[in-house]
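Student: For reference, the file start.csv (CSV, N, CA and C atoms) is included below:
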```csv
chain,number,residue,atom,x,y,z
I,1,MET,N,1.9,16.4,-14.8
I,1,MET,CA,1.5,15.5,-13.7
I,1,MET,C,0.0,15.4,-13.7
I,2,ILE,N,-0.5,14.2,-13.4
I,2,ILE,CA,-1.9,13.9,-13.3
I,2,ILE,C,-2.2,13.4,-11.9
I,3,LEU,N,-3.1,14.0,-11.2
I,3,LEU,CA,-3.6,13.6,-9.9
I,3,LEU,C,-4.5,12.4,-10.0
I,4,ILE,N,-4.2,11.4,-9.2
I,4,ILE,CA,-5.0,10.1,-9.2
I,4,ILE,C,-5.8,10.1,-7.9
I,5,ASN,N,-7.1,9.9,-8.0
I,5,ASN,CA,-7.9,9.8,-6.8
I,5,ASN,C,-9.1,8.8,-7.1
I,6,THR,N,-9.4,8.0,-6.2
I,6,THR,CA,-10.5,7.0,-6.3
I,6,THR,C,-11.2,6.9,-5.0
I,7,PRO,N,-12.5,6.7,-5.0
I,7,PRO,CA,-13.3,6.5,-3.8
I,7,PRO,C,-13.1,5.0,-3.4
I,8,HIS,N,-12.4,4.2,-4.1
I,8,HIS,CA,-12.3,2.8,-3.8
I,8,HIS,C,-11.0,2.5,-2.9
I,9,ALA,N,-10.4,3.6,-2.5
I,9,ALA,CA,-9.3,3.6,-1.6
I,9,ALA,C,-9.5,4.7,-0.6
I,10,PRO,N,-8.9,4.6,0.6
I,10,PRO,CA,-9.2,5.7,1.6
I,10,PRO,C,-8.7,7.0,1.1
I,11,GLU,N,-9.5,8.0,1.5
I,11,GLU,CA,-9.1,9.4,1.2
I,11,GLU,C,-7.8,9.7,1.9
I,12,ALA,N,-7.0,10.6,1.3
I,12,ALA,CA,-5.8,11.0,1.9
I,12,ALA,C,-6.1,11.7,3.3
I,13,ILE,N,-5.3,11.4,4.3
I,13,ILE,CA,-5.5,12.0,5.6
I,13,ILE,C,-4.7,13.2,5.9
I,14,GLY,N,-4.2,13.8,4.8
I,14,GLY,CA,-3.4,15.0,4.9
I,14,GLY,C,-3.3,15.7,3.5
I,15,PRO,N,-2.4,16.7,3.4
I,15,PRO,CA,-2.3,17.4,2.1
I,15,PRO,C,-1.4,16.7,1.1
I,16,TYR,N,-1.9,15.5,0.6
I,16,TYR,CA,-1.2,14.8,-0.4
I,16,TYR,C,-2.2,14.0,-1.3
I,17,ALA,N,-1.7,13.5,-2.4
I,17,ALA,CA,-2.6,12.8,-3.3
I,17,ALA,C,-2.5,11.3,-3.0
I,18,GLN,N,-3.5,10.5,-3.4
I,18,GLN,CA,-3.4,9.1,-3.4
I,18,GLN,C,-2.3,8.6,-4.3
I,19,ALA,N,-2.1,9.2,-5.4
I,19,ALA,CA,-1.0,8.9,-6.4
I,19,ALA,C,-0.9,10.1,-7.3
I,20,ILE,N,0.2,10.1,-8.0
I,20,ILE,CA,0.5,11.1,-9.0
I,20,ILE,C,1.1,10.3,-10.2
I,21,GLU,N,0.6,10.6,-11.4
I,21,GLU,CA,1.2,10.0,-12.6
I,21,GLU,C,2.1,11.1,-13.2
I,22,ALA,N,3.3,10.7,-13.6
I,22,ALA,CA,4.2,11.6,-14.2
I,22,ALA,C,5.2,10.8,-15.1
I,23,ASN,N,5.2,11.2,-16.4
I,23,ASN,CA,6.1,10.6,-17.3
I,23,ASN,C,6.0,9.0,-17.4
I,24,GLY,N,4.8,8.5,-17.4
I,24,GLY,CA,4.5,7.1,-17.5
I,24,GLY,C,4.7,6.3,-16.2
I,25,PHE,N,5.0,7.0,-15.1
I,25,PHE,CA,5.1,6.3,-13.8
I,25,PHE,C,4.0,6.7,-12.9
I,26,ILE,N,3.6,5.8,-12.1
I,26,ILE,CA,2.6,6.1,-11.0
I,26,ILE,C,3.3,6.0,-9.7
I,27,PHE,N,3.2,7.1,-9.0
I,27,PHE,CA,3.9,7.2,-7.7
I,27,PHE,C,2.7,7.2,-6.6
I,28,CYS,N,2.6,6.1,-6.0
I,28,CYS,CA,1.5,5.9,-5.0
I,28,CYS,C,2.0,6.2,-3.6
I,29,SER,N,1.2,7.1,-2.9
I,29,SER,CA,1.4,7.4,-1.5
I,29,SER,C,1.2,6.1,-0.7
I,30,GLY,N,1.8,6.2,0.5
I,30,GLY,CA,1.7,5.0,1.4
I,30,GLY,C,0.2,4.8,1.7
I,31,GLN,N,-0.2,3.5,1.6
I,31,GLN,CA,-1.5,3.1,2.0
I,31,GLN,C,-1.5,2.4,3.4
I,32,ILE,N,-2.5,2.7,4.2
I,32,ILE,CA,-2.6,2.1,5.5
I,32,ILE,C,-3.9,1.3,5.4
I,33,PRO,N,-4.2,0.4,6.4
I,33,PRO,CA,-5.3,-0.5,6.3
I,33,PRO,C,-6.7,0.1,6.7
I,34,ILE,N,-7.0,1.2,6.1
I,34,ILE,CA,-8.4,1.8,6.3
I,34,ILE,C,-9.3,1.2,5.3
I,35,ASN,N,-10.4,0.7,5.7
I,35,ASN,CA,-11.5,0.2,4.8
I,35,ASN,C,-12.1,1.4,4.2
I,36,PRO,N,-12.0,1.5,2.9
I,36,PRO,CA,-12.6,2.7,2.2
I,36,PRO,C,-14.1,2.9,2.4
I,37,GLN,N,-14.8,1.8,2.5
I,37,GLN,CA,-16.3,1.8,2.7
I,37,GLN,C,-16.7,2.4,4.1
I,38,SER,N,-16.0,1.9,5.1
I,38,SER,CA,-16.4,2.3,6.5
I,38,SER,C,-15.5,3.5,7.0
I,39,GLY,N,-14.3,3.7,6.4
I,39,GLY,CA,-13.4,4.7,6.9
I,39,GLY,C,-12.7,4.3,8.2
I,40,ASN,N,-12.8,3.0,8.6
I,40,ASN,CA,-12.3,2.5,9.8
I,40,ASN,C,-11.1,1.5,9.6
I,41,ILE,N,-10.3,1.3,10.6
I,41,ILE,CA,-9.3,0.3,10.6
I,41,ILE,C,-10.0,-0.9,11.3
I,42,GLU,N,-10.3,-2.0,10.6
I,42,GLU,CA,-11.2,-3.0,11.1
I,42,GLU,C,-10.4,-4.3,11.5
I,43,LYS,N,-9.2,-4.4,11.2
I,43,LYS,CA,-8.4,-5.6,11.5
I,43,LYS,C,-7.2,-5.2,12.4
I,44,ALA,N,-6.9,-6.1,13.3
I,44,ALA,CA,-5.8,-5.8,14.2
I,44,ALA,C,-4.5,-6.5,13.8
I,45,GLY,N,-4.6,-7.7,13.2
I,45,GLY,CA,-3.5,-8.5,12.9
I,45,GLY,C,-2.7,-7.9,11.7
I,46,VAL,N,-1.4,-8.1,11.7
I,46,VAL,CA,-0.6,-7.5,10.6
I,46,VAL,C,-0.9,-8.2,9.2
I,47,ALA,N,-1.3,-9.5,9.2
I,47,ALA,CA,-1.6,-10.1,8.0
I,47,ALA,C,-2.9,-9.5,7.4
I,48,GLU,N,-3.9,-9.4,8.2
I,48,GLU,CA,-5.2,-8.8,7.8
I,48,GLU,C,-5.0,-7.3,7.4
I,49,GLN,N,-4.2,-6.6,8.1
I,49,GLN,CA,-3.9,-5.2,7.8
I,49,GLN,C,-3.1,-5.1,6.5
I,50,THR,N,-2.2,-6.0,6.2
I,50,THR,CA,-1.5,-6.0,5.0
I,50,THR,C,-2.4,-6.3,3.8
I,51,ARG,N,-3.3,-7.2,4.0
I,51,ARG,CA,-4.3,-7.5,2.9
I,51,ARG,C,-5.1,-6.3,2.6
I,52,GLN,N,-5.6,-5.5,3.6
I,52,GLN,CA,-6.4,-4.3,3.3
I,52,GLN,C,-5.5,-3.2,2.6
I,53,VAL,N,-4.3,-3.1,3.1
I,53,VAL,CA,-3.3,-2.2,2.5
I,53,VAL,C,-3.1,-2.5,1.0
I,54,LEU,N,-2.9,-3.7,0.7
I,54,LEU,CA,-2.7,-4.1,-0.7
I,54,LEU,C,-4.0,-4.0,-1.6
I,55,LEU,N,-5.1,-4.2,-1.0
I,55,LEU,CA,-6.4,-4.0,-1.7
I,55,LEU,C,-6.5,-2.5,-2.0
I,56,ASN,N,-6.2,-1.6,-1.0
I,56,ASN,CA,-6.2,-0.2,-1.2
I,56,ASN,C,-5.2,0.2,-2.3
I,57,LEU,N,-4.0,-0.3,-2.3
I,57,LEU,CA,-3.0,0.0,-3.3
I,57,LEU,C,-3.5,-0.4,-4.7
I,58,LYS,N,-4.0,-1.6,-4.7
I,58,LYS,CA,-4.6,-2.1,-6.0
I,58,LYS,C,-5.6,-1.2,-6.6
I,59,ALA,N,-6.5,-0.7,-5.7
I,59,ALA,CA,-7.5,0.3,-6.2
I,59,ALA,C,-7.0,1.6,-6.7
I,60,VAL,N,-5.9,2.1,-6.1
I,60,VAL,CA,-5.3,3.3,-6.5
I,60,VAL,C,-4.6,3.0,-7.9
I,61,LEU,N,-3.9,1.9,-8.0
I,61,LEU,CA,-3.3,1.6,-9.3
I,61,LEU,C,-4.3,1.4,-10.4
I,62,ALA,N,-5.4,0.8,-10.1
I,62,ALA,CA,-6.5,0.6,-11.1
I,62,ALA,C,-7.0,2.0,-11.6
I,63,ALA,N,-7.2,2.9,-10.6
I,63,ALA,CA,-7.7,4.2,-11.0
I,63,ALA,C,-6.7,5.0,-11.9
I,64,ALA,N,-5.4,4.6,-11.8
I,64,ALA,CA,-4.4,5.2,-12.6
I,64,ALA,C,-4.2,4.4,-14.0
I,65,GLY,N,-4.9,3.3,-14.2
I,65,GLY,CA,-4.7,2.6,-15.4
I,65,GLY,C,-3.6,1.6,-15.3
I,66,SER,N,-3.2,1.2,-14.1
I,66,SER,CA,-2.1,0.3,-13.9
I,66,SER,C,-2.6,-0.9,-12.9
I,67,ASP,N,-1.7,-1.7,-12.5
I,67,ASP,CA,-2.0,-2.8,-11.6
I,67,ASP,C,-0.7,-3.3,-10.9
I,68,LEU,N,-0.9,-4.2,-10.0
I,68,LEU,CA,0.2,-4.7,-9.2
I,68,LEU,C,1.3,-5.4,-10.1
I,69,ALA,N,0.9,-5.9,-11.2
I,69,ALA,CA,1.9,-6.5,-12.1
I,69,ALA,C,2.8,-5.5,-12.7
I,70,LYS,N,2.5,-4.2,-12.6
I,70,LYS,CA,3.3,-3.2,-13.2
I,70,LYS,C,4.1,-2.4,-12.1
I,71,VAL,N,4.1,-2.9,-10.9
I,71,VAL,CA,4.8,-2.2,-9.8
I,71,VAL,C,6.3,-2.5,-10.0
I,72,VAL,N,7.1,-1.5,-9.9
I,72,VAL,CA,8.6,-1.7,-10.1
I,72,VAL,C,9.3,-1.6,-8.7
I,73,LYS,N,8.7,-0.9,-7.7
I,73,LYS,CA,9.3,-0.7,-6.4
I,73,LYS,C,8.3,-0.5,-5.4
I,74,THR,N,8.4,-1.2,-4.2
I,74,THR,CA,7.6,-0.9,-3.1
I,74,THR,C,8.5,-0.6,-1.9
I,75,THR,N,7.9,0.2,-0.9
I,75,THR,CA,8.5,0.4,0.4
I,75,THR,C,7.5,0.0,1.4
I,76,VAL,N,7.9,-0.9,2.3
I,76,VAL,CA,7.0,-1.4,3.3
I,76,VAL,C,7.5,-0.9,4.7
I,77,PHE,N,6.6,-0.3,5.4
I,77,PHE,CA,6.9,0.3,6.7
I,77,PHE,C,6.2,-0.6,7.7
I,78,LEU,N,6.9,-1.1,8.7
I,78,LEU,CA,6.4,-2.0,9.7
I,78,LEU,C,6.6,-1.3,11.1
I,79,ALA,N,5.6,-1.4,12.0
I,79,ALA,CA,5.8,-1.0,13.3
I,79,ALA,C,6.6,-1.9,14.1
I,80,ASP,N,6.7,-3.2,13.7
I,80,ASP,CA,7.5,-4.2,14.4
I,80,ASP,C,8.1,-5.2,13.3
I,81,MET,N,9.4,-5.2,13.2
I,81,MET,CA,10.0,-6.1,12.2
I,81,MET,C,9.7,-7.6,12.5
I,82,GLY,N,9.3,-7.9,13.7
I,82,GLY,CA,8.8,-9.2,14.0
I,82,GLY,C,7.6,-9.6,13.2
I,83,ASP,N,6.9,-8.7,12.7
I,83,ASP,CA,5.7,-8.9,11.9
I,83,ASP,C,6.1,-9.3,10.4
I,84,PHE,N,7.3,-9.2,10.1
I,84,PHE,CA,7.8,-9.4,8.7
I,84,PHE,C,7.2,-10.6,8.1
I,85,PRO,N,7.4,-11.8,8.7
I,85,PRO,CA,6.9,-13.0,8.0
I,85,PRO,C,5.4,-13.0,7.7
I,86,PHE,N,4.6,-12.4,8.5
I,86,PHE,CA,3.2,-12.4,8.3
I,86,PHE,C,2.8,-11.4,7.2
I,87,MET,N,3.5,-10.3,7.2
I,87,MET,CA,3.3,-9.3,6.1
I,87,MET,C,3.8,-9.9,4.8
I,88,ASN,N,4.9,-10.6,4.8
I,88,ASN,CA,5.5,-11.1,3.6
I,88,ASN,C,4.7,-12.2,3.0
I,89,ALA,N,4.0,-13.0,3.8
I,89,ALA,CA,3.2,-14.1,3.3
I,89,ALA,C,2.0,-13.5,2.5
I,90,VAL,N,1.4,-12.5,3.0
I,90,VAL,CA,0.2,-11.8,2.3
I,90,VAL,C,0.8,-11.1,1.1
I,91,TYR,N,1.9,-10.4,1.2
I,91,TYR,CA,2.5,-9.7,0.1
I,91,TYR,C,2.7,-10.7,-1.1
I,92,ALA,N,3.3,-11.8,-0.8
I,92,ALA,CA,3.5,-12.8,-1.8
I,92,ALA,C,2.2,-13.3,-2.5
I,93,GLU,N,1.1,-13.4,-1.8
I,93,GLU,CA,-0.1,-13.8,-2.4
I,93,GLU,C,-0.5,-12.8,-3.4
I,94,PHE,N,-0.4,-11.5,-3.1
I,94,PHE,CA,-0.8,-10.4,-4.1
I,94,PHE,C,0.1,-10.3,-5.3
I,95,PHE,N,1.4,-10.5,-5.1
I,95,PHE,CA,2.4,-10.3,-6.2
I,95,PHE,C,2.8,-11.5,-6.9
I,96,GLY,N,2.6,-12.7,-6.3
I,96,GLY,CA,2.9,-14.0,-7.0
I,96,GLY,C,4.3,-14.0,-7.5
I,97,ASP,N,4.4,-14.4,-8.8
I,97,ASP,CA,5.8,-14.5,-9.4
I,97,ASP,C,6.4,-13.1,-9.7
I,98,HIS,N,5.6,-12.1,-9.7
I,98,HIS,CA,6.1,-10.8,-10.0
I,98,HIS,C,6.8,-10.3,-8.7
I,99,THR,N,8.0,-10.0,-8.8
I,99,THR,CA,8.8,-9.6,-7.6
I,99,THR,C,9.4,-8.2,-7.8
I,100,PRO,N,8.7,-7.1,-7.5
I,100,PRO,CA,9.3,-5.8,-7.7
I,100,PRO,C,10.4,-5.6,-6.6
I,101,ALA,N,11.2,-4.6,-6.9
I,101,ALA,CA,12.2,-4.2,-5.9
I,101,ALA,C,11.5,-3.8,-4.7
I,102,ARG,N,12.1,-4.0,-3.5
I,102,ARG,CA,11.4,-3.7,-2.3
I,102,ARG,C,12.4,-3.3,-1.2
I,103,SER,N,12.0,-2.4,-0.4
I,103,SER,CA,12.6,-2.1,0.9
I,103,SER,C,11.6,-2.3,2.0
I,104,THR,N,12.1,-2.8,3.1
I,104,THR,CA,11.2,-3.0,4.3
I,104,THR,C,12.0,-2.4,5.5
I,105,VAL,N,11.3,-1.5,6.2
I,105,VAL,CA,11.9,-0.8,7.3
I,105,VAL,C,11.0,-0.8,8.5
I,106,GLN,N,11.5,-0.9,9.7
I,106,GLN,CA,10.8,-0.7,10.9
I,106,GLN,C,10.8,0.7,11.3
I,107,VAL,N,9.6,1.2,11.7
I,107,VAL,CA,9.5,2.6,12.1
I,107,VAL,C,8.9,2.7,13.5
I,108,THR,N,9.1,3.8,14.1
I,108,THR,CA,8.7,4.0,15.5
I,108,THR,C,7.2,4.0,15.6
I,109,ARG,N,6.5,4.7,14.7
I,109,ARG,CA,5.0,4.7,14.7
I,109,ARG,C,4.5,5.1,13.3
I,110,LEU,N,3.4,4.5,13.0
I,110,LEU,CA,2.7,4.8,11.7
I,110,LEU,C,1.4,5.6,12.0
I,111,PRO,N,0.9,6.2,10.9
I,111,PRO,CA,-0.4,7.0,11.1
I,111,PRO,C,-1.5,6.1,11.7
I,112,LYS,N,-2.2,6.6,12.6
I,112,LYS,CA,-3.4,6.0,13.2
I,112,LYS,C,-2.9,4.7,14.0
I,113,SER,N,-1.6,4.6,14.3
I,113,SER,CA,-1.0,3.5,15.0
I,113,SER,C,-1.3,2.2,14.4
I,114,VAL,N,-1.3,2.1,13.0
I,114,VAL,CA,-1.4,0.9,12.3
I,114,VAL,C,-0.1,0.1,12.4
I,115,ARG,N,-0.1,-1.1,11.9
I,115,ARG,CA,1.1,-2.0,12.0
I,115,ARG,C,1.8,-2.0,10.7
I,116,VAL,N,1.2,-1.6,9.5
I,116,VAL,CA,1.9,-1.7,8.2
I,116,VAL,C,1.4,-0.6,7.3
I,117,GLU,N,2.3,-0.1,6.5
I,117,GLU,CA,2.0,0.9,5.5
I,117,GLU,C,2.9,0.5,4.3
I,118,ILE,N,2.3,0.6,3.1
I,118,ILE,CA,3.1,0.3,1.9
I,118,ILE,C,2.9,1.4,0.8
I,119,GLU,N,4.0,1.8,0.2
I,119,GLU,CA,3.9,2.8,-0.9
I,119,GLU,C,4.5,2.0,-2.1
I,120,ALA,N,4.2,2.5,-3.3
I,120,ALA,CA,4.6,1.8,-4.5
I,120,ALA,C,4.9,2.8,-5.7
I,121,ILE,N,5.7,2.4,-6.6
I,121,ILE,CA,6.0,3.1,-7.8
I,121,ILE,C,5.7,2.0,-8.9
I,122,ALA,N,4.9,2.4,-9.9
I,122,ALA,CA,4.5,1.5,-11.0
I,122,ALA,C,4.6,2.2,-12.3
I,123,ILE,N,4.6,1.4,-13.4
I,123,ILE,CA,4.5,2.0,-14.7
I,123,ILE,C,3.0,1.9,-15.2
I,124,LYS,N,2.7,2.8,-16.1
I,124,LYS,CA,1.3,2.9,-16.6
I,124,LYS,C,1.0,1.6,-17.4
```
What would you get if you wrote out this structure as structure tokens?
Tutor:
Amino acid sequence: MILINTPHAPEAIGPYAQAIEANGFIFCSGQIPINPQSGNIEKAGVAEQTRQVLLNLKAVLAAAGSDLAKVVKTTVFLADMGDFPFMNAVYAEFFGDHTPARSTVQVTRLPKSVRVEIEAIAIK
């Protein structure tokens, strides 16, 4: 296993890695909308938060030698399923015609009370 870490995405806020590479797969921990430069959550809307989450995920994948086009599965966690269409519109911008498998679930609360978190599995 290879530990993946990049300063271009937020540091882990607990005892876990940004991602782990194992057997040609990249397992990315859930990303939340922390701006890696400021260390802050700067956007309140779910669309803007989704954009920051996907930029963070993109940076982690790049550090692992992969990218969004190689994502095979994502899991999206939403604080409110009513936000689904706004998250989904931004998600579609980032993934385009590439449509990895995906699960989307509503959760009671996310770290730092954000509105969206996304984790991914990609190939190298």
Student: Using only N, CA and C atoms, which of the listed residues (I:Ile2, I:Cys28, I:Lys112, I:Ala44) sits closest to Val60 (chain I)?
Tutor: I:Cys28
Student: Which of these residues is nearest to Glu21 (chain I), using all atoms listed in the file: I:Ala9, I:Gly45, I:Ala64, I:Phe95?
Tutor: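 Nearest candidate to Glu21 (chain I) out of I:Ala9, I:Gly45, I:Ala64, I:Phe95: I:Ala64.
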Student: Please return as a PyMOL selection string: the residues of chain I that backbone DSSP assigns to alpha helix (DSSP H).
Tutor: chain I and resi 46-63+84-95
Student: Go ahead and write the selection's residues with N, CA and C atoms as a PDB file, in the frame of the given file.
Tutor:
```pdb
ATOM      1  N   VAL I  46      -1.400  -8.100  11.700  1.00  0.00           N
ATOM      2  CA  VAL I  46      -0.600  -7.500  10.600  1.00  0.00           C
ATOM      3  C   VAL I  46      -0.900  -8.200   9.200  1.00  0.00           C
ATOM      4  N   ALA I  47      -1.300  -9.500   9.200  1.00  0.00           N
ATOM      5  CA  ALA I  47      -1.600 -10.100   8.000  1.00  0.00           C
ATOM      6  C   ALA I  47      -2.900  -9.500   7.400  1.00  0.00           C
ATOM      7  N   GLU I  48      -3.900  -9.400   8.200  1.00  0.00           N
ATOM      8  CA  GLU I  48      -5.200  -8.800   7.800  1.00  0.00           C
ATOM      9  C   GLU I  48      -5.000  -7.300   7.400  1.00  0.00           C
ATOM     10  N   GLN I  49      -4.200  -6.600   8.100  1.00  0.00           N
ATOM     11  CA  GLN I  49      -3.900  -5.200   7.800  1.00  0.00           C
ATOM     12  C   GLN I  49      -3.100  -5.100   6.500  1.00  0.00           C
ATOM     13  N   THR I  50      -2.200  -6.000   6.200  1.00  0.00           N
ATOM     14  CA  THR I  50      -1.500  -6.000   5.000  1.00  0.00           C
ATOM     15  C   THR I  50      -2.400  -6.300   3.800  1.00  0.00           C
ATOM     16  N   ARG I  51      -3.300  -7.200   4.000  1.00  0.00           N
ATOM     17  CA  ARG I  51      -4.300  -7.500   2.900  1.00  0.00           C
ATOM     18  C   ARG I  51      -5.100  -6.300   2.600  1.00  0.00           C
ATOM     19  N   GLN I  52      -5.600  -5.500   3.600  1.00  0.00           N
ATOM     20  CA  GLN I  52      -6.400  -4.300   3.300  1.00  0.00           C
ATOM     21  C   GLN I  52      -5.500  -3.200   2.600  1.00  0.00           C
ATOM     22  N   VAL I  53      -4.300  -3.100   3.100  1.00  0.00           N
ATOM     23  CA  VAL I  53      -3.300  -2.200   2.500  1.00  0.00           C
ATOM     24  C   VAL I  53      -3.100  -2.500   1.000  1.00  0.00           C
ATOM     25  N   LEU I  54      -2.900  -3.700   0.700  1.00  0.00           N
ATOM     26  CA  LEU I  54      -2.700  -4.100  -0.700  1.00  0.00           C
ATOM     27  C   LEU I  54      -4.000  -4.000  -1.600  1.00  0.00           C
ATOM     28  N   LEU I  55      -5.100  -4.200  -1.000  1.00  0.00           N
ATOM     29  CA  LEU I  55      -6.400  -4.000  -1.700  1.00  0.00           C
ATOM     30  C   LEU I  55      -6.500  -2.500  -2.000  1.00  0.00           C
ATOM     31  N   ASN I  56      -6.200  -1.600  -1.000  1.00  0.00           N
ATOM     32  CA  ASN I  56      -6.200  -0.200  -1.200  1.00  0.00           C
ATOM     33  C   ASN I  56      -5.200   0.200  -2.300  1.00  0.00           C
ATOM     34  N   LEU I  57      -4.000  -0.300  -2.300  1.00  0.00           N
ATOM     35  CA  LEU I  57      -3.000   0.000  -3.300  1.00  0.00           C
ATOM     36  C   LEU I  57      -3.500  -0.400  -4.700  1.00  0.00           C
ATOM     37  N   LYS I  58      -4.000  -1.600  -4.700  1.00  0.00           N
ATOM     38  CA  LYS I  58      -4.600  -2.100  -6.000  1.00  0.00           C
ATOM     39  C   LYS I  58      -5.600  -1.200  -6.600  1.00  0.00           C
ATOM     40  N   ALA I  59      -6.500  -0.700  -5.700  1.00  0.00           N
ATOM     41  CA  ALA I  59      -7.500   0.300  -6.200  1.00  0.00           C
ATOM     42  C   ALA I  59      -7.000   1.600  -6.700  1.00  0.00           C
ATOM     43  N   VAL I  60      -5.900   2.100  -6.100  1.00  0.00           N
ATOM     44  CA  VAL I  60      -5.300   3.300  -6.500  1.00  0.00           C
ATOM     45  C   VAL I  60      -4.600   3.000  -7.900  1.00  0.00           C
ATOM     46  N   LEU I  61      -3.900   1.900  -8.000  1.00  0.00           N
ATOM     47  CA  LEU I  61      -3.300   1.600  -9.300  1.00  0.00           C
ATOM     48  C   LEU I  61      -4.300   1.400 -10.400  1.00  0.00           C
ATOM     49  N   ALA I  62      -5.400   0.800 -10.100  1.00  0.00           N
ATOM     50  CA  ALA I  62      -6.500   0.600 -11.100  1.00  0.00           C
ATOM     51  C   ALA I  62      -7.000   2.000 -11.600  1.00  0.00           C
ATOM     52  N   ALA I  63      -7.200   2.900 -10.600  1.00  0.00           N
ATOM     53  CA  ALA I  63      -7.700   4.200 -11.000  1.00  0.00           C
ATOM     54  C   ALA I  63      -6.700   5.000 -11.900  1.00  0.00           C
ATOM     55  N   PHE I  84       7.300  -9.200  10.100  1.00  0.00           N
ATOM     56  CA  PHE I  84       7.800  -9.400   8.700  1.00  0.00           C
ATOM     57  C   PHE I  84       7.200 -10.600   8.100  1.00  0.00           C
ATOM     58  N   PRO I  85       7.400 -11.800   8.700  1.00  0.00           N
ATOM     59  CA  PRO I  85       6.900 -13.000   8.000  1.00  0.00           C
ATOM     60  C   PRO I  85       5.400 -13.000   7.700  1.00  0.00           C
ATOM     61  N   PHE I  86       4.600 -12.400   8.500  1.00  0.00           N
ATOM     62  CA  PHE I  86       3.200 -12.400   8.300  1.00  0.00           C
ATOM     63  C   PHE I  86       2.800 -11.400   7.200  1.00  0.00           C
ATOM     64  N   MET I  87       3.500 -10.300   7.200  1.00  0.00           N
ATOM     65  CA  MET I  87       3.300  -9.300   6.100  1.00  0.00           C
ATOM     66  C   MET I  87       3.800  -9.900   4.800  1.00  0.00           C
ATOM     67  N   ASN I  88       4.900 -10.600   4.800  1.00  0.00           N
ATOM     68  CA  ASN I  88       5.500 -11.100   3.600  1.00  0.00           C
ATOM     69  C   ASN I  88       4.700 -12.200   3.000  1.00  0.00           C
ATOM     70  N   ALA I  89       4.000 -13.000   3.800  1.00  0.00           N
ATOM     71  CA  ALA I  89       3.200 -14.100   3.300  1.00  0.00           C
ATOM     72  C   ALA I  89       2.000 -13.500   2.500  1.00  0.00           C
ATOM     73  N   VAL I  90       1.400 -12.500   3.000  1.00  0.00           N
ATOM     74  CA  VAL I  90       0.200 -11.800   2.300  1.00  0.00           C
ATOM     75  C   VAL I  90       0.800 -11.100   1.100  1.00  0.00           C
ATOM     76  N   TYR I  91       1.900 -10.400   1.200  1.00  0.00           N
ATOM     77  CA  TYR I  91       2.500  -9.700   0.100  1.00  0.00           C
ATOM     78  C   TYR I  91       2.700 -10.700  -1.100  1.00  0.00           C
ATOM     79  N   ALA I  92       3.300 -11.800  -0.800  1.00  0.00           N
ATOM     80  CA  ALA I  92       3.500 -12.800  -1.800  1.00  0.00           C
ATOM     81  C   ALA I  92       2.200 -13.300  -2.500  1.00  0.00           C
ATOM     82  N   GLU I  93       1.100 -13.400  -1.800  1.00  0.00           N
ATOM     83  CA  GLU I  93      -0.100 -13.800  -2.400  1.00  0.00           C
ATOM     84  C   GLU I  93      -0.500 -12.800  -3.400  1.00  0.00           C
ATOM     85  N   PHE I  94      -0.400 -11.500  -3.100  1.00  0.00           N
ATOM     86  CA  PHE I  94      -0.800 -10.400  -4.100  1.00  0.00           C
ATOM     87  C   PHE I  94       0.100 -10.300  -5.300  1.00  0.00           C
ATOM     88  N   PHE I  95       1.400 -10.500  -5.100  1.00  0.00           N
ATOM     89  CA  PHE I  95       2.400 -10.300  -6.200  1.00  0.00           C
ATOM     90  C   PHE I  95       2.800 -11.500  -6.900  1.00  0.00           C
TER      91      PHE I  95
END
```
Student: What parts of chain I does DSSP call strand (DSSP E or B)? I'd like the answer as a PyMOL selection string.
Tutor: chain I and resi 2-4+19-22+25-31+71-78+101-106+116-123
Student: Hey, which of I:Asn40, I:Asn56, I:Gln106, I:Gln49 ends up closest to Gln18 (chain I)? Count only C-alpha atoms.
Tutor: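 Under the stated criterion, the closest residue is I:Asn56.
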Student: Write out as a Markdown table the residues of region 15-55 of chain I that have any atom within 6 Å of an atom of region 78-88 of chain I, one row each with the nearest atom pair and its distance in Å to one decimal, counting all atoms listed in the file, sorted by chain and then rising number.
Tutor:
```
| residue | atom | partner | partner_atom | distance |
| --- | --- | --- | --- | --- |
| I:Val46 | C | I:Met87 | N | 5.3 |
| I:Ala47 | CA | I:Phe86 | C | 4.7 |
| I:Thr50 | CA | I:Met87 | CA | 5.9 |
```
Student: Mind checking which residues fall within 12 Å of Tyr91 (chain I), counting only C-alpha atoms, ignoring those fewer than 5 positions away in the same chain, and posting them as a PyMOL selection string?
Tutor: chain I and resi 46-55+57+68+74-76+84-86+96-100+102+104+116-118
Student: Within 6.5 Å of Glu42 (chain I), counting all atoms listed in the file, which residues show up once you throw out same-chain ones fewer than 6 positions away? Write them as an mmCIF file with N, CA and C atoms, in the frame of the given file, please.
Tutor:
```cif
data_model
loop_
_atom_site.group_PDB
_atom_site.id
_atom_site.type_symbol
_atom_site.label_atom_id
_atom_site.label_comp_id
_atom_site.auth_asym_id
_atom_site.auth_seq_id
_atom_site.Cartn_x
_atom_site.Cartn_y
_atom_site.Cartn_z
ATOM 1 N N PRO I 33 -4.200 0.400 6.400
ATOM 2 C CA PRO I 33 -5.300 -0.500 6.300
ATOM 3 C C PRO I 33 -6.700 0.100 6.700
ATOM 4 N N ILE I 34 -7.000 1.200 6.100
ATOM 5 C CA ILE I 34 -8.400 1.800 6.300
ATOM 6 C C ILE I 34 -9.300 1.200 5.300
ATOM 7 N N ASN I 35 -10.400 0.700 5.700
ATOM 8 C CA ASN I 35 -11.500 0.200 4.800
ATOM 9 C C ASN I 35 -12.100 1.400 4.200
#
```
Student: When distances are computed from only C-alpha atoms, which of I:Val114, I:Ala12, I:Ala89, I:Val107 shows the smallest separation from Ser29 (chain I)?
Tutor: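 Nearest to Ser29 (chain I): I:Ala12.
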Student: Looking at I:Ala92, I:Ala120, I:Ile32, I:Leu61, which one is nearest to Glu11 (chain I), with distances taken over only C-alpha atoms?
Tutor: I:Ile32
Student: Identify the residues within 8 Å of coordinate (10.5, 5.6, -13.9) (same frame as the file), considering all atoms listed in the file, and give the answer as an NGL selection string.
Tutor: :I and (22-26 or 121-123)
